[in-house]
Amino acid sequence: MTTTEVTHTGIGTIRSGFLGGGFMAQAHTRAARAAGAVLAGIASSSPERAAVAAAELGVERAGTIDELLAGGSEVVHVCTPNSTHAPLALRVIEAGKHVICEKPLATSLVDARALASAAREHGVVAAVPFVYRYHPMVREARARVLAGEIGTLLTVDCGYLQDWMLLPSDDDWRATSDEGGPSRAFADIGSHLCDLLEFVAGERIVRLTARTRRAFAERGGRPVQNEDAVAILVETASGAIGTLLVSQMAAGRKNALTLELHGTRESVRFDQERPEELWIGRREGNRQLFRDPQNAHPGVARFSRLPVGHAQGYQDAFNGFVADVYAAIAGEQPDGLPTFDDGVRAAQLTEAVLLAAREERWIEVPV
Ligand code: SOE
């Protein structure tokens, strides 16, 4: 039984810094540790919160943003509220450091583009955690689609459903446009779904129309300023048509990202809550494939971090992503690394979705 570890070799032990101490910082710090990094420093919204986060996450030093940027970290992970991503990521880049910035990269397309240009100018590795790309069975699906095994793409049926905002008492900074930005459900999780769809299909959405829904005017006494759910109708470059349902108010659904592509020969279906499986649909004889690095498409083994039978999940995908970013910092060119250009793409789609919903019309999305 073989497993392939993605190890970061080229630049010695990497020193990583973190901005923000919430849920996403947990995933980032675990992944950085798994990749062999020194968790050098962390800054948060206050010195007290930074100290608590440092203790909880096992980071060496708590400090201010200025101290973190002046310190010896080669890479900084930005895990703060959405509206702070762009200004903080820019400061990281201008400090000459590599950067991993949570999505949405920015709350406007203009800002996202400016960040991608700044990263290019400063020659730093700049990545966005579209981590679902790092499930082995997603790579398997992509390899099959790109090899033409499913035939010509006809339709897609996708969804990303959660329920953590179901009740009016469910409140979060993401629900205010000041901190969250003009879009919540789409920018937070719809962006993952579109990234994965385009990554697996190997082609882009070229037209879309959408309806958004905001269920409550207020949450926790604050006005809600962005959408709880969005239904999107898409057309891809090759003419495939499809539907995407994105909601953070789907009772019982926790992190249900599903991607189903129908070709002229076969269908493939990936379900993030059953990430070790891939459904292959055929008119005669459906198959359920299970992760198996020895039999799968070449390239899938690289993401198989545990022996078959030892189930991998969300954190393993996150670990794979961070390991690849660190490999890129070491000079490698990992296949499928989601960069700031992919963050720009998500911002482009977000603006198209909001415009389509506002003006009740089809929007052509530049590719
Ligand atoms: C909350 O909706 C959230 O944590 C997202 O912000 C992440 O991107 C997603 O991976 C899981 O759900």
# chains A, B, ... in the order shown; residues from 1 in each chain; ligands from 1

$ residues_near_ligand --ligand "ligand 1" --cutoff "9 Å" --atoms "only C-alpha atoms and all ligand atoms" --output "list of chain:residue names"
A:Phe23, A:Met24, A:Glu102, A:Lys103, A:Pro104, A:Pro129, A:Phe130, A:Val131, A:Tyr132, A:Gln162, A:Trp164, A:Arg184, A:Ala185, A:Ala187, A:Asp188, A:Ile189, A:Ser191, A:His192, A:Gln248, A:Lys254, A:Asn255, A:Tyr314

$ write_last_selection --atoms "C-alpha atoms" --output "PDB file, in the first residue's frame"
ATOM      1  CA  PHE A  23     -12.547  28.774  12.519  1.00  0.00           C
ATOM      2  CA  MET A  24     -10.554  29.213   9.334  1.00  0.00           C
ATOM      3  CA  GLU A 102      -9.163  33.375   2.434  1.00  0.00           C
ATOM      4  CA  LYS A 103     -12.016  33.775  -0.009  1.00  0.00           C
ATOM      5  CA  PRO A 104     -13.561  36.031  -1.077  1.00  0.00           C
ATOM      6  CA  PRO A 129      -7.992  28.191  -0.453  1.00  0.00           C
ATOM      7  CA  PHE A 130     -10.357  26.629  -2.953  1.00  0.00           C
ATOM      8  CA  VAL A 131      -9.491  23.498  -1.030  1.00  0.00           C
ATOM      9  CA  TYR A 132     -12.104  21.143  -2.440  1.00  0.00           C
ATOM     10  CA  GLN A 162     -25.575  24.592   4.700  1.00  0.00           C
ATOM     11  CA  TRP A 164     -25.946  27.427  10.043  1.00  0.00           C
ATOM     12  CA  ARG A 184     -22.735  36.272   1.642  1.00  0.00           C
ATOM     13  CA  ALA A 185     -23.957  32.858   0.486  1.00  0.00           C
ATOM     14  CA  ALA A 187     -19.163  34.722  -1.978  1.00  0.00           C
ATOM     15  CA  ASP A 188     -18.735  32.328   0.953  1.00  0.00           C
ATOM     16  CA  ILE A 189     -19.715  29.005  -0.581  1.00  0.00           C
ATOM     17  CA  SER A 191     -17.541  30.693  -4.999  1.00  0.00           C
ATOM     18  CA  HIS A 192     -16.246  27.226  -3.954  1.00  0.00           C
ATOM     19  CA  GLN A 248     -27.017  28.694   4.085  1.00  0.00           C
ATOM     20  CA  LYS A 254     -24.193  21.029   6.919  1.00  0.00           C
ATOM     21  CA  ASN A 255     -21.616  21.289   4.161  1.00  0.00           C
ATOM     22  CA  TYR A 314     -11.909  18.337   4.747  1.00  0.00           C
TER      23      TYR A 314
END

$ residues_around --residues "A:Pro136" --least-positions-apart "2" --cutoff "10 Å" --atoms "only C-alpha atoms" --output "PyMOL selection string"
chain A and resi 132-134+138-142+275-278+290-293+296-297+299-305+312-313+316-317+320

$ closest_residue --among "A:Ala352, A:Ala37, A:Ala201, A:Ile329" --to "A:Leu259" --atoms "only C-alpha atoms"
A:Ala201

$ residues_around --residues "stretch 220-222 of chain A" --least-positions-apart "4" --cutoff "12 Å" --atoms "only C-alpha atoms" --output "list in words"
Met165, Leu167, Pro168, Ser169, Asp170, Asp171, Asp172, Trp173, Arg174, Ala175, Thr176, Ser177, Asp178 and Phe216 of chain A

$ write_last_selection --atoms "C-alpha atoms" --output "mmCIF file, in the first residue's frame"
data_model
loop_
_atom_site.group_PDB
_atom_site.id
_atom_site.type_symbol
_atom_site.label_atom_id
_atom_site.label_comp_id
_atom_site.auth_asym_id
_atom_site.auth_seq_id
_atom_site.Cartn_x
_atom_site.Cartn_y
_atom_site.Cartn_z
ATOM 1 C CA MET A 165 -27.942 30.594 9.201
ATOM 2 C CA LEU A 167 -32.812 30.902 12.341
ATOM 3 C CA PRO A 168 -33.274 34.685 12.680
ATOM 4 C CA SER A 169 -31.104 34.454 15.812
ATOM 5 C CA ASP A 170 -28.217 33.046 13.739
ATOM 6 C CA ASP A 171 -25.909 35.999 13.310
ATOM 7 C CA ASP A 172 -22.449 36.331 11.855
ATOM 8 C CA TRP A 173 -20.202 39.105 10.612
ATOM 9 C CA ARG A 174 -20.667 37.667 7.117
ATOM 10 C CA ALA A 175 -24.299 38.924 7.162
ATOM 11 C CA THR A 176 -23.366 42.613 7.229
ATOM 12 C CA SER A 177 -22.085 44.289 4.105
ATOM 13 C CA ASP A 178 -19.511 46.214 6.173
ATOM 14 C CA PHE A 216 -34.859 37.979 7.395
#

$ residues_around --residues "stretch 60-68 of chain A" --least-positions-apart "6" --cutoff "12 Å" --atoms "only C-alpha atoms" --output "ChimeraX atom specification"
/A:15-21,29,37-54,74-78,80,87-89,91-92,95,97

$ write_last_selection --atoms "C-alpha atoms" --output "compact mmCIF listing (two decimals), in the first residue's frame"
# COMPACT_ATOMS: atom_id res chain seq x y z
CA ARG A 15 8.00 30.20 8.94
CA SER A 16 4.31 31.01 8.70
CA GLY A 17 2.33 33.91 10.11
CA PHE A 18 -1.45 34.12 10.58
CA LEU A 19 -3.89 37.01 10.59
CA GLY A 20 -7.17 36.12 12.35
CA GLY A 21 -7.93 33.53 15.00
CA THR A 29 -2.66 26.35 11.32
CA ALA A 37 6.08 24.84 9.05
CA VAL A 38 7.05 26.76 12.15
CA LEU A 39 3.92 28.59 13.32
CA ALA A 40 5.82 31.78 13.98
CA GLY A 41 3.28 34.50 14.75
CA ILE A 42 -0.36 35.48 14.88
CA ALA A 43 -2.24 38.79 15.01
CA SER A 44 -5.96 39.21 15.54
CA SER A 45 -8.53 41.96 16.11
CA SER A 46 -7.03 42.76 19.55
CA PRO A 47 -3.87 41.80 21.48
CA GLU A 48 -6.03 39.78 23.88
CA ARG A 49 -7.64 37.77 21.07
CA ALA A 50 -4.24 37.24 19.47
CA ALA A 51 -2.86 35.89 22.77
CA VAL A 52 -5.82 33.51 23.16
CA ALA A 53 -5.52 32.35 19.55
CA ALA A 54 -1.75 31.82 19.89
CA GLU A 74 7.99 34.01 4.71
CA VAL A 75 4.27 33.44 4.21
CA VAL A 76 1.22 34.99 5.84
CA HIS A 77 -2.20 33.35 5.93
CA VAL A 78 -5.03 35.94 5.92
CA THR A 80 -9.87 37.62 8.85
CA PRO A 87 -6.15 45.66 2.45
CA LEU A 88 -4.37 43.04 4.56
CA ALA A 89 -3.30 40.86 1.65
CA ARG A 91 0.14 44.82 3.02
CA VAL A 92 1.49 41.26 3.11
CA ALA A 95 6.07 43.48 2.78
CA LYS A 97 5.89 37.95 1.74

$ closest_residue --among "A:Gly148, A:Thr13, A:Ile93, A:Phe318" --to "A:Ala25" --atoms "only C-alpha atoms"
A:Phe318

$ atom_distance --atom1 "atom CA of A:Val365" --atom2 "atom CA of A:Ala237"
10.2 Å

$ select_by_dssp --residues "stretch 35-270 of chain A" --states "alpha helix (DSSP H)" --output "ChimeraX atom specification"
/A:47-57,65-70,82-94,109-122,136-146,185,191-201

$ closest_residue --among "A:Ala347, A:Leu154, A:Ala86, A:Leu196" --to "A:Glu179" --atoms "only C-alpha atoms"
A:Ala86

$ closest_residue --among "A:Asp341, A:Asp111, A:Glu198, A:Glu227" --to "A:Arg211" --atoms "only C-alpha atoms"
A:Glu227

$ select_by_dssp --residues "stretch 42-266 of chain A" --states "strand (DSSP E)" --output "ChimeraX atom specification"
/A:42-43,61-62,75-78,98-101,126-127,153-161,205-213,218-219,222-223,229-236,241-247,256-263

$ atom_distance --atom1 "atom CA of A:Leu109" --atom2 "atom CA of A:Gln26"
27.6 Å

$ closest_residue --among "A:Ala119, A:Val59, A:Leu161, A:Gln272" --to "A:Gln315" --atoms "only C-alpha atoms"
A:Gln272

$ atom_distance --atom1 "atom CA of A:Ala356" --atom2 "atom CA of A:Asp228"
16.1 Å
